[in-house]
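Structure, as structure tokens:
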Amino acid sequence: MSFLTISHLEKAFGSNLVVKDFNLEVAKGEFISLLGPSGCGKTTVLRMVAGFETPTSGSITIGGQEVTGLKANARNIGMMFQAYALFPNLTVADNVAFGLKVKGVPRAERESRVSEMLNLIGLAEMAGRFPFQLSGGQQQRVALARALAPSPRVLLLDEPLSALDAKVRVSLRNEIREIQQRLGITTIFVTHDQEEAMSISDRIVVMNAGIADQVGSPFEIYNRPTTRFVANFVGTLNTFAVKVEDSAAGKVRLGGALLTLPPGLSAGMGAEMAIALRPEALRLGREPGYETVIKGWIEEVHFMGSIIRLRARVAGELVVMDTFNRADQPPPVPGTEVEISLSGKDAIILNG
Amino acid sequence: MTRFFAWFALIFGCLYFLLPLVGMTEFSLKMRRGEYSFDAYRRVFEDQRFWDTFGYSLALSAATIVVGVLLVVPTAYWVRLKLPQARPFVEFVTLLPLVIPAIVLVFGYIRLYNTSSVLPLTGSAFGTDFLLTMGYTTLALPYMYRSVDTGLRTIDVATLTEAAQSLGAGWITILARIILPNVMVAVLSGAFLTLAIVLGEFTMAALLNRPAFGPFMQLLGANRAYEPPALAVIAFAITWGCMGLMQLVTRLSKHERAKA
């Protein structure tokens, strides 16, 4: 049963249609990420749910209540902003209490809720401080507590981690996810960072030019992208030109090797098409259980700690492959000829 | 060489502004022949008209500040939030009092609101005071608007508004609890400028025949020798006192320290 339903939502600014026929059903307690490049319309969708933008057409329903025409302050939605947006004139405790005060919650109840929220984010000892006395990460945690204090029906996160440094970003995103799961609050998270989206979401909506290109779990989005845009936008891809040998059996020819693709091949016999393989689907050396082995020449080696990213030239094309670091096996040096194992079952069929 | 000119310009500037003040203050202390005294000041303070006119102008400046804040803060906020394209026009309108002389404005008022008009505001003391307050608000508009607009520039008006809205706040709550406290120093700076304008204003008060401080200063200046400079020194002291208060408020409001 869907808790938040967005139906045929469209938004035009003048003649520019920035959100086109957007549909989404979000279950209660689900964490959904809107992922896409800048200008794809993800923030506009979020702002329409929040009530800050009026849709040109379509409808938004929360818990069975149509909210499309409702003012932002009547929707009972919590929101976190990229720029923290804490009220500079109020202390941490007063910031968290703001929504409760507006609601007319009695003082005793308000104070207990504020203290509960500050304990939740681990900043109880900072209650009397002003926002300028906090670090970016602390400010954003206060913003989370403030958004959650009035018990909103939906929590909206508008790139809340973008302004933070890498380490804080990772710890805060884990904290947000943990609190979201603990409270079971329905959440929509807007980001352009695929790693961020994949690590904390139940489902991801990949948006392109105002359209929801694909909706699915992080696993589905990464491993089974349904459009070329999603395949290219999420993760790194190695694209290979192949020729269909037997469409019923899903067999294609890549150079001299024959690969068996996963079900879903629609191209006819003899057709030329493209398949893609993720960097981790290519294995360095001759690996048992892999369909074929091709030759390549190492051009670049990037040591990234637990992962080593290699760039190799294969049949004139540059491919990227990831391999785990092993202390007893140094990575190949650039210029080395190597064997690369691959399988058709790992391939992504690129349609369109 | 550059440093020499910098010091020269600074010293010249200081002398240019300070010498007349020093001269005026010195003259105000010379009422008693052959020695310095505060006689002129004592005379001013002993004059009941000083207290009456000063009190009247102070009350009217308070009313002007209230009207100005109620008019300017929501306007500047709304222009920043929803009508940024209208900003040049609003700025032009707020600058008009600088190019339209007060005498033109007050004659307009007298023609429009005289006792034989549809709205005979000049027919009663309260009506005339109301008219004078509106006139003062107009005169102070350029200073009040610029102060508030500059204050609004230091905060992220749009995001703070949206954050407050998402927490259930309506426009009045947002203005009163979020916007106004965050531009309070700017509002105070506009308020003190308004106070200085109202205390010194002569034309409107004289032509509307109200017992304000400006006409009193003019009257004293036309008939006495030592009291007018004493009065001018008092007026300066009030203005500087206000500026000092402004600094104090800035330092005392904790959240403002972040901007410093």
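Chain labels follow the order of the structure tokens: the first chain is A, the next B, and so on; residue numbering restarts at 1 in every chain, and ligands are counted from 1 in their shown order.
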
Would you mind listing what lies within 6 Å of stretch 215-228 of chain B as a tab-separated table (two decimals) with N, CA and C atoms, in the first residue's frame, with only C-alpha atoms counted and same-chain residues fewer than 2 positions away left out?
chain	number	residue	atom	x	y	z
B	28	SER	N	29.83	77.47	22.93
B	28	SER	CA	28.67	77.21	23.79
B	28	SER	C	29.03	77.28	25.28
B	40	ALA	N	24.91	78.06	29.29
B	40	ALA	CA	24.05	77.94	28.11
B	40	ALA	C	23.24	76.64	28.17
B	202	PHE	N	12.65	70.41	10.31
B	202	PHE	CA	12.03	71.71	10.57
B	202	PHE	C	10.82	71.97	9.67
B	206	ALA	N	7.10	72.84	11.03
B	206	ALA	CA	6.80	74.27	11.07
B	206	ALA	C	5.56	74.58	10.24
B	212	ALA	N	7.37	70.89	17.51
B	212	ALA	CA	8.46	69.92	17.43
B	212	ALA	C	9.81	70.55	17.77
B	213	PHE	N	10.82	69.71	17.90
B	213	PHE	CA	12.15	70.14	18.33
B	213	PHE	C	12.84	71.01	17.26
B	230	ALA	N	24.77	75.25	22.14
B	230	ALA	CA	24.60	74.26	23.22
B	230	ALA	C	23.59	73.20	22.81
B	231	LEU	N	22.52	73.68	22.17
B	231	LEU	CA	21.47	72.77	21.69
B	231	LEU	C	22.02	71.82	20.61

Within 12 Å of chain A, which residues of chain B are there when counting only C-alpha atoms? Please give them as number ranges by chain.
-> B: 154-174, 176-185, 253-260

12 Å contact set for B:Val233, only C-alpha atoms, chain neighbours under 2 positions out, as a ChimeraX atom specification:
/B:20-29,38,40-41,44,217,226-231,235-241

What does the file look like for those residues with N, CA, C and O atoms, as a compact mmCIF listing (two decimals), in the first residue's frame?
# COMPACT_ATOMS: atom_id res chain seq x y z
N PRO B 20 35.08 72.54 13.39
CA PRO B 20 33.81 73.26 13.62
C PRO B 20 33.11 72.80 14.90
O PRO B 20 32.54 73.61 15.63
N LEU B 21 33.21 71.48 15.17
CA LEU B 21 32.58 70.96 16.38
C LEU B 21 33.25 71.51 17.64
O LEU B 21 32.57 71.93 18.58
N VAL B 22 34.58 71.50 17.60
CA VAL B 22 35.33 72.02 18.74
C VAL B 22 35.01 73.50 18.93
O VAL B 22 34.73 73.97 20.05
N GLY B 23 35.00 74.26 17.82
CA GLY B 23 34.70 75.69 17.86
C GLY B 23 33.32 75.95 18.44
O GLY B 23 33.13 76.81 19.32
N MET B 24 32.36 75.16 17.95
CA MET B 24 30.97 75.34 18.39
C MET B 24 30.84 75.01 19.89
O MET B 24 30.20 75.75 20.65
N THR B 25 31.47 73.89 20.29
CA THR B 25 31.40 73.49 21.70
C THR B 25 32.05 74.56 22.58
O THR B 25 31.51 74.93 23.63
N GLU B 26 33.21 75.02 22.11
CA GLU B 26 33.93 76.04 22.89
C GLU B 26 33.06 77.29 23.05
O GLU B 26 32.92 77.86 24.14
N PHE B 27 32.42 77.70 21.93
CA PHE B 27 31.57 78.89 21.97
C PHE B 27 30.39 78.69 22.93
O PHE B 27 30.01 79.60 23.67
N SER B 28 29.83 77.47 22.93
CA SER B 28 28.67 77.21 23.79
C SER B 28 29.03 77.28 25.28
O SER B 28 28.15 77.44 26.12
N LEU B 29 30.32 77.17 25.58
CA LEU B 29 30.76 77.21 26.98
C LEU B 29 31.17 78.62 27.44
O LEU B 29 31.57 78.82 28.57
N PHE B 38 28.80 76.03 31.98
CA PHE B 38 27.69 75.30 31.34
C PHE B 38 26.40 76.12 31.40
O PHE B 38 25.31 75.57 31.33
N ALA B 40 24.91 78.06 29.29
CA ALA B 40 24.05 77.94 28.11
C ALA B 40 23.24 76.64 28.17
O ALA B 40 22.04 76.62 27.88
N TYR B 41 23.92 75.58 28.62
CA TYR B 41 23.25 74.28 28.73
C TYR B 41 22.18 74.33 29.81
O TYR B 41 21.09 73.79 29.65
N VAL B 44 19.21 76.06 28.55
CA VAL B 44 18.43 75.20 27.63
C VAL B 44 17.59 74.22 28.44
O VAL B 44 16.38 74.06 28.21
N MET B 217 14.52 74.67 17.81
CA MET B 217 15.94 74.97 17.59
C MET B 217 16.08 76.20 16.70
O MET B 217 16.92 77.07 16.94
N TYR B 226 24.18 81.98 22.64
CA TYR B 226 24.94 80.84 23.19
C TYR B 226 24.12 79.55 23.28
O TYR B 226 24.67 78.46 23.22
N GLU B 227 22.79 79.70 23.41
CA GLU B 227 21.97 78.49 23.57
C GLU B 227 21.93 77.62 22.31
O GLU B 227 21.98 76.39 22.42
N PRO B 228 21.84 78.21 21.10
CA PRO B 228 21.77 77.34 19.90
C PRO B 228 22.97 76.40 19.76
O PRO B 228 22.76 75.21 19.53
N PRO B 229 24.24 76.87 19.93
CA PRO B 229 25.33 75.88 19.84
C PRO B 229 25.24 74.83 20.95
O PRO B 229 25.56 73.66 20.72
N ALA B 230 24.77 75.25 22.14
CA ALA B 230 24.60 74.26 23.22
C ALA B 230 23.59 73.20 22.81
O ALA B 230 23.79 72.00 23.01
N LEU B 231 22.52 73.68 22.17
CA LEU B 231 21.47 72.77 21.69
C LEU B 231 22.02 71.82 20.61
O LEU B 231 21.72 70.63 20.59
N ALA B 235 22.20 67.84 20.59
CA ALA B 235 21.67 67.02 19.50
C ALA B 235 22.73 66.03 19.02
O ALA B 235 22.43 64.85 18.77
N PHE B 236 23.98 66.51 18.90
CA PHE B 236 25.08 65.62 18.50
C PHE B 236 25.26 64.50 19.52
O PHE B 236 25.45 63.34 19.15
N ALA B 237 25.21 64.88 20.79
CA ALA B 237 25.41 63.89 21.86
C ALA B 237 24.33 62.80 21.77
O ALA B 237 24.63 61.61 21.93
N ILE B 238 23.09 63.24 21.48
CA ILE B 238 21.99 62.26 21.36
C ILE B 238 22.27 61.31 20.19
O ILE B 238 22.17 60.09 20.32
N THR B 239 22.67 61.88 19.04
CA THR B 239 22.94 61.05 17.86
C THR B 239 24.07 60.06 18.14
O THR B 239 23.96 58.87 17.83
N TRP B 240 25.15 60.58 18.73
CA TRP B 240 26.28 59.68 19.01
C TRP B 240 25.92 58.64 20.07
O TRP B 240 26.39 57.51 20.02
N GLY B 241 25.10 59.06 21.01
CA GLY B 241 24.61 58.11 22.01
C GLY B 241 23.87 56.96 21.34
O GLY B 241 24.06 55.78 21.67

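Interatomic distance, atom CA of B:Ser117 to atom CA of B:Met204: 19.2 Å.
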
Those in stretch 9-210 of chain A with strand (DSSP E or B) from DSSP, as a PyMOL selection string: chain A and resi 9-13+16-27+31-35+57-62+65-66+77-80+154-158+186-191+203-208

With C-alpha atoms retained, write the just-selected residues as a PDB file, in the first residue's frame.
ATOM      1  CA  LEU A   9       3.382  15.304 -11.994  1.00  0.00           C
ATOM      2  CA  GLU A  10       4.570  17.998 -14.382  1.00  0.00           C
ATOM      3  CA  LYS A  11       6.237  21.354 -13.842  1.00  0.00           C
ATOM      4  CA  ALA A  12       6.949  24.002 -16.447  1.00  0.00           C
ATOM      5  CA  PHE A  13       8.860  27.244 -15.937  1.00  0.00           C
ATOM      6  CA  ASN A  16      10.599  24.923 -20.229  1.00  0.00           C
ATOM      7  CA  LEU A  17       9.083  21.640 -18.996  1.00  0.00           C
ATOM      8  CA  VAL A  18      11.455  20.551 -16.219  1.00  0.00           C
ATOM      9  CA  VAL A  19       9.432  17.631 -14.826  1.00  0.00           C
ATOM     10  CA  LYS A  20       7.578  15.403 -17.282  1.00  0.00           C
ATOM     11  CA  ASP A  21       4.889  12.907 -16.331  1.00  0.00           C
ATOM     12  CA  PHE A  22       6.604  11.885 -13.075  1.00  0.00           C
ATOM     13  CA  ASN A  23       5.014   8.964 -11.249  1.00  0.00           C
ATOM     14  CA  LEU A  24       6.130   7.402  -7.995  1.00  0.00           C
ATOM     15  CA  GLU A  25       4.625   5.312  -5.222  1.00  0.00           C
ATOM     16  CA  VAL A  26       6.447   5.293  -1.899  1.00  0.00           C
ATOM     17  CA  ALA A  27       5.580   2.829   0.856  1.00  0.00           C
ATOM     18  CA  PHE A  31      13.800   5.531   1.929  1.00  0.00           C
ATOM     19  CA  ILE A  32      13.733   6.696  -1.684  1.00  0.00           C
ATOM     20  CA  SER A  33      16.522   8.594  -3.431  1.00  0.00           C
ATOM     21  CA  LEU A  34      16.036  10.842  -6.430  1.00  0.00           C
ATOM     22  CA  LEU A  35      19.317  10.553  -8.295  1.00  0.00           C
ATOM     23  CA  SER A  57      -0.353  19.344 -13.540  1.00  0.00           C
ATOM     24  CA  GLY A  58      -0.583  16.073 -11.650  1.00  0.00           C
ATOM     25  CA  SER A  59      -1.242  15.239  -8.034  1.00  0.00           C
ATOM     26  CA  ILE A  60       0.537  14.404  -4.785  1.00  0.00           C
ATOM     27  CA  THR A  61      -1.144  12.321  -2.099  1.00  0.00           C
ATOM     28  CA  ILE A  62       0.232  11.663   1.395  1.00  0.00           C
ATOM     29  CA  GLN A  65      -4.817  13.014   1.655  1.00  0.00           C
ATOM     30  CA  GLU A  66      -4.492  15.048  -1.525  1.00  0.00           C
ATOM     31  CA  ILE A  77       6.537  17.607   6.132  1.00  0.00           C
ATOM     32  CA  GLY A  78      10.036  17.838   7.576  1.00  0.00           C
ATOM     33  CA  MET A  79      12.834  19.099   5.401  1.00  0.00           C
ATOM     34  CA  MET A  80      16.614  19.303   5.505  1.00  0.00           C
ATOM     35  CA  VAL A 154       7.387  12.605   5.351  1.00  0.00           C
ATOM     36  CA  LEU A 155      11.026  13.660   5.620  1.00  0.00           C
ATOM     37  CA  LEU A 156      12.554  15.423   2.611  1.00  0.00           C
ATOM     38  CA  LEU A 157      16.318  15.718   2.280  1.00  0.00           C
ATOM     39  CA  ASP A 158      17.569  18.191  -0.325  1.00  0.00           C
ATOM     40  CA  THR A 186       9.026   7.841   4.933  1.00  0.00           C
ATOM     41  CA  THR A 187      11.943   9.697   3.367  1.00  0.00           C
ATOM     42  CA  ILE A 188      12.808  11.208  -0.011  1.00  0.00           C
ATOM     43  CA  PHE A 189      16.454  12.053  -0.508  1.00  0.00           C
ATOM     44  CA  VAL A 190      17.733  14.143  -3.397  1.00  0.00           C
ATOM     45  CA  THR A 191      21.331  13.668  -4.447  1.00  0.00           C
ATOM     46  CA  ARG A 203      14.880   2.274  -3.853  1.00  0.00           C
ATOM     47  CA  ILE A 204      16.402   4.783  -6.260  1.00  0.00           C
ATOM     48  CA  VAL A 205      14.664   6.887  -8.910  1.00  0.00           C
ATOM     49  CA  VAL A 206      17.184   7.777 -11.609  1.00  0.00           C
ATOM     50  CA  MET A 207      16.056  10.974 -13.276  1.00  0.00           C
ATOM     51  CA  ASN A 208      17.074  12.354 -16.637  1.00  0.00           C
TER      52      ASN A 208
END
